[in-house]
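Student: For reference, the file model-v4.pdb (PDB, C-alpha atoms and all ligand atoms) is included below:
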ATOM      1  CA  MET A  16     124.782  91.899 103.287  1.00  0.00           C
ATOM      2  CA  SER A  17     121.168  92.201 102.298  1.00  0.00           C
ATOM      3  CA  ILE A  18     118.422  93.619 104.442  1.00  0.00           C
ATOM      4  CA  ALA A  19     116.271  90.682 105.491  1.00  0.00           C
ATOM      5  CA  GLY A  20     112.624  91.202 106.236  1.00  0.00           C
ATOM      6  CA  GLU A  21     109.220  90.223 105.044  1.00  0.00           C
ATOM      7  CA  MET A  22     107.917  91.816 101.847  1.00  0.00           C
ATOM      8  CA  ILE A  23     104.185  92.336 101.704  1.00  0.00           C
ATOM      9  CA  VAL A  24     102.854  93.180  98.247  1.00  0.00           C
ATOM     10  CA  VAL A  25      99.499  94.918  97.944  1.00  0.00           C
ATOM     11  CA  LYS A  26      97.495  95.885  94.885  1.00  0.00           C
ATOM     12  CA  ASP A  27      98.047  99.618  94.648  1.00  0.00           C
ATOM     13  CA  ALA A  28      98.876 102.820  96.515  1.00  0.00           C
ATOM     14  CA  ASP A  29      95.500 102.969  98.229  1.00  0.00           C
ATOM     15  CA  ALA A  30      95.810  99.412  99.474  1.00  0.00           C
ATOM     16  CA  LEU A  31      99.318 100.243 100.660  1.00  0.00           C
ATOM     17  CA  SER A  32      98.127 103.212 102.694  1.00  0.00           C
ATOM     18  CA  GLN A  33      95.347 101.127 104.248  1.00  0.00           C
ATOM     19  CA  ALA A  34      97.686  98.250 105.076  1.00  0.00           C
ATOM     20  CA  ALA A  35     100.229 100.666 106.546  1.00  0.00           C
ATOM     21  CA  ALA A  36      97.644 102.343 108.766  1.00  0.00           C
ATOM     22  CA  GLU A  37      96.349  98.994 110.002  1.00  0.00           C
ATOM     23  CA  LEU A  38      99.849  97.648 110.662  1.00  0.00           C
ATOM     24  CA  ILE A  39     100.908 100.735 112.598  1.00  0.00           C
ATOM     25  CA  ALA A  40      97.657 100.654 114.588  1.00  0.00           C
ATOM     26  CA  ALA A  41      98.195  97.008 115.451  1.00  0.00           C
ATOM     27  CA  ARG A  42     101.728  97.702 116.686  1.00  0.00           C
ATOM     28  CA  MET A  43     100.595 100.651 118.797  1.00  0.00           C
ATOM     29  CA  THR A  44      97.772  98.754 120.447  1.00  0.00           C
ATOM     30  CA  GLY A  45      98.626  97.845 124.021  1.00  0.00           C
ATOM     31  CA  CYS A  46     101.755 100.007 123.923  1.00  0.00           C
ATOM     32  CA  LYS A  47     103.645 100.893 127.055  1.00  0.00           C
ATOM     33  CA  THR A  48     104.645 104.514 127.526  1.00  0.00           C
ATOM     34  CA  PRO A  49     106.715 105.730 125.810  1.00  0.00           C
ATOM     35  CA  PHE A  50     106.177 104.189 122.389  1.00  0.00           C
ATOM     36  CA  ARG A  51     108.683 106.071 120.250  1.00  0.00           C
ATOM     37  CA  MET A  52     107.640 106.180 116.595  1.00  0.00           C
ATOM     38  CA  VAL A  53     109.579 107.669 113.680  1.00  0.00           C
ATOM     39  CA  LEU A  54     107.474 109.186 110.903  1.00  0.00           C
ATOM     40  CA  SER A  55     108.872 109.252 107.393  1.00  0.00           C
ATOM     41  CA  GLY A  56     108.600 112.346 105.260  1.00  0.00           C
ATOM     42  CA  GLY A  57     107.881 112.546 101.563  1.00  0.00           C
ATOM     43  CA  THR A  58     104.618 111.809  99.787  1.00  0.00           C
ATOM     44  CA  THR A  59     104.199 108.033 100.095  1.00  0.00           C
ATOM     45  CA  PRO A  60     102.999 108.084 103.709  1.00  0.00           C
ATOM     46  CA  VAL A  61     100.516 110.985 103.278  1.00  0.00           C
ATOM     47  CA  ALA A  62      97.478 108.808 102.599  1.00  0.00           C
ATOM     48  CA  ALA A  63      98.535 106.343 105.289  1.00  0.00           C
ATOM     49  CA  TYR A  64      98.754 109.149 107.878  1.00  0.00           C
ATOM     50  CA  ARG A  65      95.284 110.341 106.924  1.00  0.00           C
ATOM     51  CA  LYS A  66      93.829 106.823 107.240  1.00  0.00           C
ATOM     52  CA  LEU A  67      95.672 106.297 110.518  1.00  0.00           C
ATOM     53  CA  SER A  68      94.209 109.507 111.912  1.00  0.00           C
ATOM     54  CA  ARG A  69      90.721 108.150 111.247  1.00  0.00           C
ATOM     55  CA  LEU A  70      91.218 104.897 113.179  1.00  0.00           C
ATOM     56  CA  SER A  71      89.518 105.272 116.550  1.00  0.00           C
ATOM     57  CA  GLY A  72      90.551 104.045 119.943  1.00  0.00           C
ATOM     58  CA  LEU A  73      94.295 104.082 119.401  1.00  0.00           C
ATOM     59  CA  PRO A  74      96.512 104.789 122.447  1.00  0.00           C
ATOM     60  CA  TRP A  75      98.129 107.957 121.128  1.00  0.00           C
ATOM     61  CA  GLY A  76      98.723 109.031 124.717  1.00  0.00           C
ATOM     62  CA  CYS A  77     101.689 106.663 124.960  1.00  0.00           C
ATOM     63  CA  VAL A  78     103.195 107.611 121.615  1.00  0.00           C
ATOM     64  CA  GLU A  79     106.124 109.950 121.148  1.00  0.00           C
ATOM     65  CA  LEU A  80     106.474 111.005 117.512  1.00  0.00           C
ATOM     66  CA  PHE A  81     109.766 111.819 115.828  1.00  0.00           C
ATOM     67  CA  LEU A  82     110.674 112.588 112.207  1.00  0.00           C
ATOM     68  CA  SER A  83     113.129 110.545 110.144  1.00  0.00           C
ATOM     69  CA  ASP A  84     114.394 113.689 108.510  1.00  0.00           C
ATOM     70  CA  GLU A  85     113.519 117.267 107.654  1.00  0.00           C
ATOM     71  CA  ARG A  86     114.164 119.800 104.996  1.00  0.00           C
ATOM     72  CA  PHE A  87     115.858 122.900 106.403  1.00  0.00           C
ATOM     73  CA  VAL A  88     112.892 125.178 105.693  1.00  0.00           C
ATOM     74  CA  PRO A  89     110.416 127.009 107.977  1.00  0.00           C
ATOM     75  CA  PRO A  90     107.788 124.753 109.587  1.00  0.00           C
ATOM     76  CA  ASP A  91     105.036 126.256 107.427  1.00  0.00           C
ATOM     77  CA  HIS A  92     106.962 125.772 104.160  1.00  0.00           C
ATOM     78  CA  HIS A  93     105.321 123.456 101.623  1.00  0.00           C
ATOM     79  CA  HIS A  94     108.477 121.290 101.632  1.00  0.00           C
ATOM     80  CA  SER A  95     108.382 120.792 105.415  1.00  0.00           C
ATOM     81  CA  ASN A  96     107.813 117.220 106.599  1.00  0.00           C
ATOM     82  CA  TYR A  97     106.566 118.639 109.895  1.00  0.00           C
ATOM     83  CA  ARG A  98     103.924 120.630 107.999  1.00  0.00           C
ATOM     84  CA  MET A  99     102.966 117.475 106.060  1.00  0.00           C
ATOM     85  CA  VAL A 100     102.464 115.554 109.328  1.00  0.00           C
ATOM     86  CA  ARG A 101     100.402 118.391 110.788  1.00  0.00           C
ATOM     87  CA  GLU A 102      98.218 118.493 107.693  1.00  0.00           C
ATOM     88  CA  THR A 103      97.653 114.745 107.608  1.00  0.00           C
ATOM     89  CA  LEU A 104      98.008 112.717 110.798  1.00  0.00           C
ATOM     90  CA  LEU A 105      97.296 115.674 113.083  1.00  0.00           C
ATOM     91  CA  ALA A 106      94.923 117.621 110.827  1.00  0.00           C
ATOM     92  CA  ASP A 107      91.619 117.157 112.631  1.00  0.00           C
ATOM     93  CA  GLY A 108      92.971 117.142 116.158  1.00  0.00           C
ATOM     94  CA  THR A 109      91.752 113.686 117.127  1.00  0.00           C
ATOM     95  CA  VAL A 110      95.300 112.329 117.200  1.00  0.00           C
ATOM     96  CA  GLN A 111      96.888 113.723 120.351  1.00  0.00           C
ATOM     97  CA  PRO A 112     100.330 112.123 120.723  1.00  0.00           C
ATOM     98  CA  ARG A 113     102.044 112.203 124.093  1.00  0.00           C
ATOM     99  CA  LYS A 114     104.775 114.251 122.435  1.00  0.00           C
ATOM    100  CA  LEU A 115     105.736 115.319 118.909  1.00  0.00           C
ATOM    101  CA  PHE A 116     109.378 116.159 118.406  1.00  0.00           C
ATOM    102  CA  ALA A 117     109.709 118.178 115.234  1.00  0.00           C
ATOM    103  CA  ILE A 118     113.227 118.601 113.906  1.00  0.00           C
ATOM    104  CA  PRO A 119     114.251 122.242 114.454  1.00  0.00           C
ATOM    105  CA  THR A 120     114.952 124.245 111.303  1.00  0.00           C
ATOM    106  CA  ASP A 121     116.154 127.513 112.776  1.00  0.00           C
ATOM    107  CA  GLU A 122     119.668 128.890 113.309  1.00  0.00           C
ATOM    108  CA  THR A 123     121.917 126.574 111.218  1.00  0.00           C
ATOM    109  CA  PRO A 124     121.521 122.984 109.962  1.00  0.00           C
ATOM    110  CA  GLY A 125     124.434 121.968 112.168  1.00  0.00           C
ATOM    111  CA  SER A 126     123.026 123.495 115.349  1.00  0.00           C
ATOM    112  CA  ALA A 127     119.548 122.158 114.585  1.00  0.00           C
ATOM    113  CA  ALA A 128     120.891 118.639 114.069  1.00  0.00           C
ATOM    114  CA  ALA A 129     122.864 118.863 117.298  1.00  0.00           C
ATOM    115  CA  ARG A 130     119.738 119.957 119.180  1.00  0.00           C
ATOM    116  CA  TYR A 131     117.735 117.058 117.752  1.00  0.00           C
ATOM    117  CA  ASP A 132     120.533 114.642 118.579  1.00  0.00           C
ATOM    118  CA  GLU A 133     120.348 115.873 122.180  1.00  0.00           C
ATOM    119  CA  ILE A 134     116.561 115.482 122.272  1.00  0.00           C
ATOM    120  CA  LEU A 135     116.899 111.886 121.111  1.00  0.00           C
ATOM    121  CA  ARG A 136     119.432 111.073 123.830  1.00  0.00           C
ATOM    122  CA  GLN A 137     117.313 112.788 126.476  1.00  0.00           C
ATOM    123  CA  GLN A 138     114.192 110.881 125.451  1.00  0.00           C
ATOM    124  CA  TYR A 139     116.137 107.619 125.299  1.00  0.00           C
ATOM    125  CA  GLY A 140     117.545 108.289 128.765  1.00  0.00           C
ATOM    126  CA  SER A 141     121.156 107.590 127.930  1.00  0.00           C
ATOM    127  CA  SER A 142     123.768 109.031 125.613  1.00  0.00           C
ATOM    128  CA  GLU A 143     124.787 105.566 124.434  1.00  0.00           C
ATOM    129  CA  LEU A 144     122.597 103.003 122.714  1.00  0.00           C
ATOM    130  CA  GLU A 145     122.315  99.857 124.786  1.00  0.00           C
ATOM    131  CA  ALA A 146     121.747  96.383 123.406  1.00  0.00           C
ATOM    132  CA  GLY A 147     118.220  95.225 124.127  1.00  0.00           C
ATOM    133  CA  ALA A 148     117.005  98.772 124.737  1.00  0.00           C
ATOM    134  CA  PRO A 149     115.717 100.100 121.394  1.00  0.00           C
ATOM    135  CA  LEU A 150     115.667 103.812 120.726  1.00  0.00           C
ATOM    136  CA  PHE A 151     112.503 103.441 118.635  1.00  0.00           C
ATOM    137  CA  HIS A 152     109.588 101.006 118.714  1.00  0.00           C
ATOM    138  CA  LEU A 153     108.413 101.631 115.160  1.00  0.00           C
ATOM    139  CA  THR A 154     110.366 103.350 112.394  1.00  0.00           C
ATOM    140  CA  LEU A 155     108.562 104.271 109.201  1.00  0.00           C
ATOM    141  CA  LEU A 156     110.799 104.827 106.207  1.00  0.00           C
ATOM    142  CA  GLY A 157     110.326 105.624 102.539  1.00  0.00           C
ATOM    143  CA  LEU A 158     112.601 104.855  99.618  1.00  0.00           C
ATOM    144  CA  GLY A 159     113.782 107.327  97.030  1.00  0.00           C
ATOM    145  CA  ASP A 160     114.193 106.232  93.423  1.00  0.00           C
ATOM    146  CA  ASP A 161     117.935 106.795  93.955  1.00  0.00           C
ATOM    147  CA  GLY A 162     117.850 104.421  96.906  1.00  0.00           C
ATOM    148  CA  HIS A 163     118.017 106.972  99.735  1.00  0.00           C
ATOM    149  CA  THR A 164     115.961 106.670 102.864  1.00  0.00           C
ATOM    150  CA  ALA A 165     115.337 109.440 105.366  1.00  0.00           C
ATOM    151  CA  SER A 166     117.949 111.915 104.111  1.00  0.00           C
ATOM    152  CA  LEU A 167     120.716 109.360 103.890  1.00  0.00           C
ATOM    153  CA  LEU A 168     121.495 110.567 100.400  1.00  0.00           C
ATOM    154  CA  PRO A 169     123.861 108.874  97.951  1.00  0.00           C
ATOM    155  CA  GLY A 170     127.447 110.103  98.050  1.00  0.00           C
ATOM    156  CA  GLN A 171     126.996 112.218 101.163  1.00  0.00           C
ATOM    157  CA  PRO A 172     129.353 111.992 104.185  1.00  0.00           C
ATOM    158  CA  VAL A 173     126.401 111.269 106.481  1.00  0.00           C
ATOM    159  CA  LEU A 174     126.462 107.707 105.110  1.00  0.00           C
ATOM    160  CA  GLU A 175     129.653 107.171 107.130  1.00  0.00           C
ATOM    161  CA  GLU A 176     128.272 108.702 110.355  1.00  0.00           C
ATOM    162  CA  ARG A 177     128.170 106.084 113.092  1.00  0.00           C
ATOM    163  CA  THR A 178     128.349 108.277 116.229  1.00  0.00           C
ATOM    164  CA  LEU A 179     125.778 111.040 115.921  1.00  0.00           C
ATOM    165  CA  TRP A 180     122.087 110.116 116.032  1.00  0.00           C
ATOM    166  CA  ALA A 181     121.042 113.146 113.987  1.00  0.00           C
ATOM    167  CA  ALA A 182     123.168 114.969 111.454  1.00  0.00           C
ATOM    168  CA  ALA A 183     123.034 117.792 108.951  1.00  0.00           C
ATOM    169  CA  VAL A 184     123.181 116.946 105.249  1.00  0.00           C
ATOM    170  CA  PRO A 185     124.237 120.237 103.665  1.00  0.00           C
ATOM    171  CA  LYS A 186     124.426 118.972 100.077  1.00  0.00           C
ATOM    172  CA  GLY A 187     122.563 116.606  97.801  1.00  0.00           C
ATOM    173  CA  ARG A 188     119.192 118.346  97.563  1.00  0.00           C
ATOM    174  CA  ASP A 189     117.862 121.860  96.912  1.00  0.00           C
ATOM    175  CA  GLU A 190     117.666 122.543 100.634  1.00  0.00           C
ATOM    176  CA  PRO A 191     119.985 121.351 103.370  1.00  0.00           C
ATOM    177  CA  ARG A 192     118.527 118.385 105.220  1.00  0.00           C
ATOM    178  CA  ILE A 193     118.666 117.060 108.752  1.00  0.00           C
ATOM    179  CA  THR A 194     118.420 113.305 109.116  1.00  0.00           C
ATOM    180  CA  LEU A 195     118.465 110.515 111.618  1.00  0.00           C
ATOM    181  CA  THR A 196     121.608 108.494 111.053  1.00  0.00           C
ATOM    182  CA  TYR A 197     122.150 104.785 110.550  1.00  0.00           C
ATOM    183  CA  PRO A 198     122.839 104.017 114.246  1.00  0.00           C
ATOM    184  CA  ALA A 199     119.635 105.777 115.322  1.00  0.00           C
ATOM    185  CA  LEU A 200     117.443 104.291 112.604  1.00  0.00           C
ATOM    186  CA  GLU A 201     118.832 100.786 113.147  1.00  0.00           C
ATOM    187  CA  ALA A 202     117.930 100.824 116.857  1.00  0.00           C
ATOM    188  CA  SER A 203     114.270 100.048 116.249  1.00  0.00           C
ATOM    189  CA  VAL A 204     111.993  97.175 117.223  1.00  0.00           C
ATOM    190  CA  LEU A 205     110.262  97.363 113.841  1.00  0.00           C
ATOM    191  CA  THR A 206     111.390  99.063 110.639  1.00  0.00           C
ATOM    192  CA  LEU A 207     108.533  99.484 108.155  1.00  0.00           C
ATOM    193  CA  PHE A 208     109.443 100.571 104.641  1.00  0.00           C
ATOM    194  CA  LEU A 209     106.609 101.970 102.503  1.00  0.00           C
ATOM    195  CA  VAL A 210     107.379 101.775  98.775  1.00  0.00           C
ATOM    196  CA  SER A 211     104.955 102.691  96.011  1.00  0.00           C
ATOM    197  CA  GLY A 212     105.170 103.060  92.245  1.00  0.00           C
ATOM    198  CA  ILE A 213     107.103 101.719  89.292  1.00  0.00           C
ATOM    199  CA  ALA A 214     109.772 104.395  89.696  1.00  0.00           C
ATOM    200  CA  LYS A 215     110.930 102.678  92.908  1.00  0.00           C
ATOM    201  CA  ARG A 216     111.174  99.197  91.362  1.00  0.00           C
ATOM    202  CA  ASP A 217     114.904  99.173  90.649  1.00  0.00           C
ATOM    203  CA  ALA A 218     115.846 100.881  93.927  1.00  0.00           C
ATOM    204  CA  LEU A 219     113.718  98.361  95.814  1.00  0.00           C
ATOM    205  CA  VAL A 220     115.527  95.388  94.299  1.00  0.00           C
ATOM    206  CA  GLN A 221     118.940  96.933  94.969  1.00  0.00           C
ATOM    207  CA  ALA A 222     118.073  98.062  98.502  1.00  0.00           C
ATOM    208  CA  ARG A 223     116.719  94.665  99.512  1.00  0.00           C
ATOM    209  CA  GLY A 224     119.945  93.236  98.142  1.00  0.00           C
ATOM    210  CA  GLY A 225     121.937  95.458 100.480  1.00  0.00           C
ATOM    211  CA  GLY A 226     122.834  98.127  97.971  1.00  0.00           C
ATOM    212  CA  LEU A 227     122.256 101.880  97.872  1.00  0.00           C
ATOM    213  CA  PRO A 228     121.940 103.944 101.069  1.00  0.00           C
ATOM    214  CA  ALA A 229     118.697 102.231 102.108  1.00  0.00           C
ATOM    215  CA  GLY A 230     120.277  98.820 101.674  1.00  0.00           C
ATOM    216  CA  ARG A 231     123.125  99.696 104.022  1.00  0.00           C
ATOM    217  CA  LEU A 232     120.700 100.000 106.914  1.00  0.00           C
ATOM    218  CA  GLN A 233     121.161  97.079 109.305  1.00  0.00           C
ATOM    219  CA  PRO A 234     118.043  97.210 111.487  1.00  0.00           C
ATOM    220  CA  GLN A 235     118.390  95.423 114.824  1.00  0.00           C
ATOM    221  CA  GLY A 236     114.746  94.428 114.895  1.00  0.00           C
ATOM    222  CA  GLU A 237     112.066  93.197 112.550  1.00  0.00           C
ATOM    223  CA  VAL A 238     111.861  94.606 109.017  1.00  0.00           C
ATOM    224  CA  ILE A 239     108.752  94.748 106.865  1.00  0.00           C
ATOM    225  CA  TRP A 240     108.725  96.037 103.303  1.00  0.00           C
ATOM    226  CA  LEU A 241     105.183  97.078 102.427  1.00  0.00           C
ATOM    227  CA  VAL A 242     105.132  97.647  98.693  1.00  0.00           C
ATOM    228  CA  ASP A 243     102.525  97.965  95.966  1.00  0.00           C
ATOM    229  CA  ALA A 244     102.464  95.781  92.859  1.00  0.00           C
ATOM    230  CA  ALA A 245     103.913  98.543  90.696  1.00  0.00           C
ATOM    231  CA  ALA A 246     107.007  98.836  92.879  1.00  0.00           C
ATOM    232  CA  ALA A 247     107.286  95.074  93.275  1.00  0.00           C
ATOM    233  CA  GLY A 248     107.081  94.519  89.529  1.00  0.00           C
ATOM    234  CA  VAL A 249     104.296  91.946  89.760  1.00  0.00           C
TER     235      VAL A 249
HETATM  236  C1  LIG B   1     111.826 113.021 102.622  1.00  0.00           C
HETATM  237  C2  LIG B   1     111.708 111.593 103.085  1.00  0.00           C
HETATM  238  C3  LIG B   1     112.410 110.712 102.117  1.00  0.00           C
HETATM  239  C4  LIG B   1     111.315 109.988 101.388  1.00  0.00           C
HETATM  240  C5  LIG B   1     111.801 109.444 100.087  1.00  0.00           C
HETATM  241  C6  LIG B   1     110.608 108.914  99.268  1.00  0.00           C
HETATM  242  O1  LIG B   1     112.007 113.912 103.443  1.00  0.00           O
HETATM  243  O2  LIG B   1     111.649 113.202 101.401  1.00  0.00           O
HETATM  244  O3  LIG B   1     111.934 111.341 104.362  1.00  0.00           O
HETATM  245  O4  LIG B   1     113.320 109.817 102.636  1.00  0.00           O
HETATM  246  O5  LIG B   1     110.813 108.940 102.208  1.00  0.00           O
HETATM  247  O6  LIG B   1     112.407 110.515  99.383  1.00  0.00           O
HETATM  248  O7  LIG B   1     109.816 110.024  98.989  1.00  0.00           O
HETATM  249  P1  LIG B   1     108.367 109.853  98.333  1.00  0.00           P
HETATM  250  O8  LIG B   1     107.530 109.107  99.327  1.00  0.00           O
HETATM  251  O9  LIG B   1     107.884 111.266  98.115  1.00  0.00           O
HETATM  252  O10 LIG B   1     108.549 109.080  97.055  1.00  0.00           O
END
Can you turn what I pasted into structure tokens?

Tutor:
Amino acid sequence: MSIAGEMIVVKDADALSQAAAELIAARMTGCKTPFRMVLSGGTTPVAAYRKLSRLSGLPWGCVELFLSDERFVPPDHHHSNYRMVRETLLADGTVQPRKLFAIPTDETPGSAAARYDEILRQQYGSSELEAGAPLFHLTLLGLGDDGHTASLLPGQPVLEERTLWAAAVPKGRDEPRITLTYPALEASVLTLFLVSGIAKRDALVQARGGGLPAGRLQPQGEVIWLVDAAAAGV
């Protein structure tokens, strides 16, 4: 089963970051509280977060921010996605979200994942996902050149997790990871993939065809693939 969804191809990485910022801003505009938004980690969204932070008049007061995944490192570590968000979207203090839920990285990966899972259920207001009641309103995701998204890494047991909403991923990368799982990520009004660079070209084709971890995602809502020409191979 392939992931459907519109693919928007833009000229280059800068155009991608601008288009991403404008698309996110458009979706936020007029939002009802709470507007739960998942921020991707990695490097692709960095420029988009900076551009987004410079757009004025956005209703950040209704936005609750979450992270798609986190490396199990201290929050000031240079690998931390939370640190990346603080140094980009939140850097100059003009963006004041209603809430920012960083993924905890203390104690153990397992206990941190369990705490984040609980936060998600508390914010959702139920411990079970209900049809027609999305957990997230906008979910930003990247794509690894091995076809992972969030920290849904190839060959890891988390790919089979259909009950938890957040889970530890002890293996597959230098540091343990904590990630939102398929059921949590799929429960979104809009899933926006940001994909940049020739290195992602093959993974993009396979993922859109339903392959690799990213391709196994079955979003309930709208899907947009925002890619640059290098990744799209045009
Ligand atoms: C992370 C991300 C991850 C990322 C992809 C792409 O924590 O690394 O959440 O899923 O989106 O690995 O990473 P780049 O944008 O750096 O290519």

Student: Please evaluate the PyMOL selection byres (((not hetatm)) within 6 of (chain B and resi 1)) against the structure above and give the resulting residues as a CSV table (one decimal) with C-alpha atoms, in the frame of the given file.

Tutor:
chain,number,residue,atom,x,y,z
A,55,SER,CA,108.9,109.3,107.4
A,56,GLY,CA,108.6,112.3,105.3
A,57,GLY,CA,107.9,112.5,101.6
A,58,THR,CA,104.6,111.8,99.8
A,59,THR,CA,104.2,108.0,100.1
A,83,SER,CA,113.1,110.5,110.1
A,84,ASP,CA,114.4,113.7,108.5
A,85,GLU,CA,113.5,117.3,107.7
A,156,LEU,CA,110.8,104.8,106.2
A,157,GLY,CA,110.3,105.6,102.5
A,158,LEU,CA,112.6,104.9,99.6
A,159,GLY,CA,113.8,107.3,97.0
A,164,THR,CA,116.0,106.7,102.9
A,165,ALA,CA,115.3,109.4,105.4
A,166,SER,CA,117.9,111.9,104.1

Student: Using only C-alpha atoms, determine which residues lie at most 8 Å from A:Ile18, disregarding the query and same-chain residues fewer than 2 positions distant; provide the list as a list in words.

Tutor: Met16, Gly20, Ala222, Arg223, Gly224, Gly225, Gly230, Arg231, Leu232, Gln233 and Pro234 of chain A

Student: With distances taken over all atoms listed in the file, which of A:Pro191, A:Pro228, A:Gly212, A:Pro149 is nearest to A:Phe50?

Tutor: A:Pro149

Student: Can you list, as an MDAnalysis selection string, every protein, DNA or RNA residue that comes within 8 Å of A:Ala181 when you count all atoms listed in the file, leaving out same-chain residues fewer than 6 positions away?

Tutor: chainID A and resid 128:129 131:132 193:196 199

Student: Looking at only C-alpha atoms, which of A:Phe87, A:Gln138, A:Arg216, A:Leu155 is the one that sits closest to A:Ala36?

Tutor: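 Nearest candidate to A:Ala36 out of A:Phe87, A:Gln138, A:Arg216, A:Leu155: A:Leu155.
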
Student: Hey, which of A:Pro169, A:Phe81, A:Ser211, A:Leu227 ends up closest to A:Ser32? Count all atoms listed in the file.

Tutor: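 Selected residue with least distance to A:Ser32: A:Ser211.
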
Student: Hey, which of A:Val242, A:Asp217, A:Val110, A:Lys47 ends up closest to A:Arg69? Count all atoms listed in the file.

Tutor: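 With all atoms listed in the file as the atom set, the closest residue is A:Val110.
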
Student: Would you mind listing what lies within 12 Å of A:Val220 as a list of chain:residue names, with only C-alpha atoms counted and same-chain residues fewer than 5 positions away left out?

Tutor: A:Ser17, A:Ile18, A:Met22, A:Leu158, A:Asp160, A:Asp161, A:Gly162, A:Val210, A:Ile213, A:Ala214, A:Lys215, A:Gly225, A:Gly226, A:Leu227, A:Ala229, A:Gly230, A:Trp240, A:Val242, A:Ala246, A:Ala247, A:Gly248

Student: Report as a list in words all protein, DNA and RNA residues lying within 12 Å of A:Lys186, evaluated on only C-alpha atoms, omitting residues in the same chain fewer than 2 positions from it.

Tutor: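 Contacts, in chain order: Arg86, Phe87, Pro124, Ser166, Leu167, Leu168, Pro169, Gly170, Gln171, Pro172, Val173, Ala183, Val184, Arg188, Asp189, Glu190, Pro191, Arg192 and Ile193 of chain A.
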
Student: Would you mind reading off the distance between atom CA of A:Thr48 and atom CA of A:Val78, one decimal, in Å?

Tutor: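 These atoms are spaced 6.8 Å apart.
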
Student: Name the closest residue to A:Thr120 among the candidates A:Ala218, A:Leu153, A:Leu241, A:Val88; distances are taken between atoms, counting all atoms listed in the file.

Tutor: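 Of A:Ala218, A:Leu153, A:Leu241, A:Val88, the one nearest A:Thr120, counting all atoms listed in the file, is A:Val88.
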
Student: Which residue, A:Ala127, A:Ile118, A:Ala62, A:Leu105, has the smallest gap to A:Ala35 when you use all atoms listed in the file?

Tutor: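 Looking only at the distances to A:Ala35, the closest residue turns out to be A:Ala62.
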
Student: If the PyMOL selection byres (((chain A and resi 152) around 6) and not hetatm) were run on this exact file, what residues would it hold? Put them as a VMD selection string.

Tutor: chain A and resid 50 to 52 151 153 203 to 204

Student: Dump C-alpha atoms for the selected residues as a compact mmCIF listing (two decimals), in the coordinates of the input?

Tutor:
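What landed in result_32.txt:
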# COMPACT_ATOMS: atom_id res chain seq x y z
CA PHE A 50 106.18 104.19 122.39
CA ARG A 51 108.68 106.07 120.25
CA MET A 52 107.64 106.18 116.60
CA PHE A 151 112.50 103.44 118.64
CA LEU A 153 108.41 101.63 115.16
CA SER A 203 114.27 100.05 116.25
CA VAL A 204 111.99 97.18 117.22

Student: For stretch 116-128 of chain A, which lacks atoms in the input, supply N, CA and C atoms and format the output as a CSV table (one decimal), keeping the file's coordinate frame.

Tutor:
chain,number,residue,atom,x,y,z
A,116,PHE,N,108.1,115.5,118.5
A,116,PHE,CA,109.4,116.2,118.4
A,116,PHE,C,109.7,116.5,117.0
A,117,ALA,N,109.3,117.7,116.6
A,117,ALA,CA,109.7,118.2,115.2
A,117,ALA,C,111.2,118.4,115.2
A,118,ILE,N,111.8,118.3,114.0
A,118,ILE,CA,113.2,118.6,113.9
A,118,ILE,C,113.4,120.1,113.7
A,119,PRO,N,114.1,120.8,114.6
A,119,PRO,CA,114.3,122.2,114.5
A,119,PRO,C,114.9,122.6,113.1
A,120,THR,N,114.4,123.8,112.6
A,120,THR,CA,115.0,124.2,111.3
A,120,THR,C,115.3,125.7,111.4
A,121,ASP,N,115.7,126.1,112.6
A,121,ASP,CA,116.2,127.5,112.8
A,121,ASP,C,117.7,127.5,113.0
A,122,GLU,N,118.2,128.7,113.2
A,122,GLU,CA,119.7,128.9,113.3
A,122,GLU,C,120.4,128.3,112.1
A,123,THR,N,121.2,127.2,112.3
A,123,THR,CA,121.9,126.6,111.2
A,123,THR,C,121.6,125.1,111.2
A,124,PRO,N,121.8,124.4,110.0
A,124,PRO,CA,121.5,123.0,110.0
A,124,PRO,C,122.3,122.2,111.0
A,125,GLY,N,123.6,122.6,111.2
A,125,GLY,CA,124.4,122.0,112.2
A,125,GLY,C,123.9,122.1,113.6
A,126,SER,N,123.5,123.3,114.0
A,126,SER,CA,123.0,123.5,115.3
A,126,SER,C,121.7,122.8,115.5
A,127,ALA,N,120.9,122.8,114.5
A,127,ALA,CA,119.5,122.2,114.6
A,127,ALA,C,119.7,120.6,114.7
A,128,ALA,N,120.6,120.1,114.0
A,128,ALA,CA,120.9,118.6,114.1
A,128,ALA,C,121.4,118.3,115.5
